[in-house]
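Here's the structure, in structure tokens; my notes come after.
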Amino acid sequence: MSNETPGAGIGSDDPETKRGPLGRWVDSAIKNPDRVYRAMFYVAMLFFLVTTLFPFYWLLVLALTPNNLIADMGLVPNGFNPQVFVAMFERVPFHYYMFNSFVLGITTTVLVLLIASLAGYVFGRLRFPGKGVLMLGILAISYFPPAAFLIPLFELFTGNTSLTVGMVTISTPDLFNTPAPMVFPFSALFLPLSIFILTTFYGQIPDGLEDAARFRVIVPLSAPGVATAGVLTFISVYNEFFFSFLMNNGEADSWAPIVAGILKYQGQFDTPYNLMAAASIVGVLPVAILVIIAQERIVSGLTAGALKE
């Protein structure tokens, strides 16, 4: 007759059982890392979709819901009012604000890329004393808060500053409500990042290619860096509000950008959230399309071929 206790041989001394569910999961992850990577990818993608697309979906819900029904709505539109995308242009000339943002963004981008390409080539291809210190100083400018430049720039661009050189006194022109007091600060703020990006791209080009054909090879190879710097600059300027709000009176004919146009919907006694949401959707669509197109261009440029000697 056996003296074994009933149930004693059912894995009570099994090491896998003693490790617990967390230990078994760790062992499974070590044996099947691909499964872990796939799970992490799905989690990251889900987080990205929720945090990125849900605000856009919520804008759509607000836009399609009549303004008097917004207080009682849930996660779906409380009604269906596509006419709001026509009414937003009837109440405010929003297309003019969008045009202003495009002009400011394109002008700043061209100016930044012109200067950053020259500076990036110098930092990326040439050796000279103080190169590292100078690059560090340029990058340090990008960490300065824009509010630190507000008072001097406002005094400069509104004609309240006079410069005396010997017996001659020069007064700065009044540039308020013009593109200049916005384009110049934008260029100064976003130029350091573009210089850093282009310096990295120019620095990766082998010297042999430069000696063989300087511009015919370097310019196409640096196209992904130029595209990246240009897209980042344009999006930053398109979304900028601080300087553009303070350097004009908020009217469309004074070069006020898109954010000022969205705020124009606010009245003294009402706040039409549906019109503001519709304007936000219309305003963000061109940038979303630009990002999709530019992303394909940048990725194709980076993966077209490796740089080799």
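Labels for the structure tokens follow display order: chains A, B, ..., residues from 1 in each chain, ligands from 1.
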Just want the 12 Å neighbourhood of Arg91 (chain A), counted on only C-alpha atoms, with same-chain residues fewer than 2 positions away dropped. Output as a PDB file with C-alpha atoms, in the first residue's frame.
ATOM      1  CA  VAL A  84     -21.415  74.728 -39.515  1.00  0.00           C
ATOM      2  CA  PHE A  85     -18.523  74.437 -41.980  1.00  0.00           C
ATOM      3  CA  VAL A  86     -20.257  77.009 -44.176  1.00  0.00           C
ATOM      4  CA  ALA A  87     -21.418  79.231 -41.320  1.00  0.00           C
ATOM      5  CA  MET A  88     -17.879  79.576 -39.987  1.00  0.00           C
ATOM      6  CA  PHE A  89     -16.821  81.385 -43.171  1.00  0.00           C
ATOM      7  CA  PRO A  93     -13.374  85.554 -43.013  1.00  0.00           C
ATOM      8  CA  PHE A  94     -11.404  82.568 -41.828  1.00  0.00           C
ATOM      9  CA  HIS A  95      -9.816  81.921 -45.237  1.00  0.00           C
ATOM     10  CA  GLY A 261      -9.115  83.933 -36.515  1.00  0.00           C
ATOM     11  CA  ILE A 262     -10.369  81.164 -34.227  1.00  0.00           C
ATOM     12  CA  LYS A 264     -12.583  86.002 -33.480  1.00  0.00           C
ATOM     13  CA  TYR A 265     -15.623  83.742 -33.139  1.00  0.00           C
ATOM     14  CA  GLN A 266     -15.949  84.653 -29.485  1.00  0.00           C
ATOM     15  CA  GLY A 267     -18.620  87.275 -28.983  1.00  0.00           C
ATOM     16  CA  PRO A 272     -19.941  79.416 -30.384  1.00  0.00           C
ATOM     17  CA  LEU A 275     -17.875  77.300 -35.000  1.00  0.00           C
ATOM     18  CA  MET A 276     -14.527  77.389 -33.198  1.00  0.00           C
ATOM     19  CA  ALA A 279     -12.493  76.393 -37.740  1.00  0.00           C
TER      20      ALA A 279
END
Going by DSSP on the backbone, which residues of region 32-256 of chain A come out as helix (DSSP H, G or I)? List them as a ChimeraX atom specification.
/A:33-64,67-72,84-91,94-125,131-141,146-157,180-203,207-212,214-221,223-239,242-246,252-254
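Picture a line from CA of Pro192 (chain A) to CA of Thr233 (chain A); it runs 10.6 Å.
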Under the rule that only C-alpha atoms are counted, which of A:Phe48, A:Phe157, A:Tyr238, A:Phe176 is the nearest residue to Gly250 (chain A)?
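Of the candidates, the smallest distance to Gly250 (chain A) is held by A:Phe176.
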Rounded to one decimal, what separation in Å do you get between CA of Val92 (chain A) and CA of Phe54 (chain A)?
26.5 Å
Which neighbours of Asn274 (chain A) fall inside 12 Å, counting only C-alpha atoms, when residues of the same chain fewer than 6 positions from it are skipped, and could you give them as an MDAnalysis selection string?
chainID A and resid 58:71 77:88 262 265:266 280:281
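The coordinates place CA of Phe196 (chain A) at 12.0 Å from CA of Ile115 (chain A).
Minimum atom-to-atom distance to Val231 (chain A), evaluated using only C-alpha atoms, belongs to A:Gln295 out of A:Asn32, A:Gln295, A:Thr52, A:Thr172.
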What lies within 8 Å of Tyr121 (chain A) using only C-alpha atoms, ignoring chain neighbours under 6 positions off, as an mmCIF file with all heavy atoms, in the first residue's frame?
data_model
loop_
_atom_site.group_PDB
_atom_site.id
_atom_site.type_symbol
_atom_site.label_atom_id
_atom_site.label_comp_id
_atom_site.auth_asym_id
_atom_site.auth_seq_id
_atom_site.Cartn_x
_atom_site.Cartn_y
_atom_site.Cartn_z
ATOM 1 N N LEU A 198 20.535 70.368 -40.079
ATOM 2 C CA LEU A 198 21.307 70.391 -41.318
ATOM 3 C C LEU A 198 22.791 70.152 -41.050
ATOM 4 O O LEU A 198 23.482 69.585 -41.899
ATOM 5 C CB LEU A 198 21.096 71.724 -42.029
ATOM 6 C CG LEU A 198 19.681 71.918 -42.571
ATOM 7 C CD1 LEU A 198 19.525 73.296 -43.205
ATOM 8 C CD2 LEU A 198 19.351 70.853 -43.602
ATOM 9 N N THR A 199 23.277 70.567 -39.899
ATOM 10 C CA THR A 199 24.666 70.253 -39.548
ATOM 11 C C THR A 199 24.871 68.755 -39.459
ATOM 12 O O THR A 199 25.881 68.216 -39.930
ATOM 13 C CB THR A 199 25.036 70.912 -38.202
ATOM 14 O OG1 THR A 199 24.941 72.336 -38.335
ATOM 15 C CG2 THR A 199 26.448 70.548 -37.782
ATOM 16 N N TYR A 202 24.781 67.347 -43.148
ATOM 17 C CA TYR A 202 25.983 67.683 -43.900
ATOM 18 C C TYR A 202 27.198 66.947 -43.349
ATOM 19 O O TYR A 202 28.104 66.567 -44.095
ATOM 20 C CB TYR A 202 26.236 69.194 -43.851
ATOM 21 C CG TYR A 202 25.363 69.981 -44.792
ATOM 22 C CD1 TYR A 202 24.546 71.001 -44.322
ATOM 23 C CD2 TYR A 202 25.354 69.713 -46.156
ATOM 24 C CE1 TYR A 202 23.733 71.731 -45.179
ATOM 25 C CE2 TYR A 202 24.546 70.435 -47.020
ATOM 26 C CZ TYR A 202 23.746 71.442 -46.521
ATOM 27 O OH TYR A 202 22.952 72.154 -47.377
ATOM 28 N N GLY A 203 27.222 66.745 -42.033
ATOM 29 C CA GLY A 203 28.359 66.053 -41.428
ATOM 30 C C GLY A 203 28.428 64.583 -41.779
ATOM 31 O O GLY A 203 29.491 63.969 -41.671
#
Using only C-alpha atoms, which residue out of A:Glu155, A:Asp253, A:Asp34, A:Glu296 lies closest to Thr228 (chain A)?
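Of the candidates, the smallest distance to Thr228 (chain A) is held by A:Glu296.
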Could you give me the residues within region 94-238 of chain A that DSSP places in strand (DSSP E or B), as a list of chain:residue names?
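Put together, the selection reads A:Thr158, A:Ser162, A:Leu163, A:Thr164, A:Val165, A:Val168, A:Thr169, A:Ile170, A:Ser171, A:Asp174.
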With 6 Å as the cut-off and only C-alpha atoms counted, what is the closest atom pair between each nearby residue of region 187-254 of chain A and region 96-108 of chain A? Distances in Å to one decimal, ordered by chain and number, as a tab-separated table.
residue	atom	partner	partner_atom	distance
A:Ser187	CA	A:Thr108	CA	5.8
A:Phe234	CA	A:Gly105	CA	4.9
A:Val237	CA	A:Gly105	CA	5.3
A:Tyr238	CA	A:Ser101	CA	5.6
A:Ala252	CA	A:Tyr97	CA	5.6
Between A:Ser244, A:Ala188, A:Thr158, A:Gln204, which has the minimum distance to Tyr143 (chain A) (counting only C-alpha atoms)?
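Closest to Tyr143 (chain A) of all the choices is A:Ala188.
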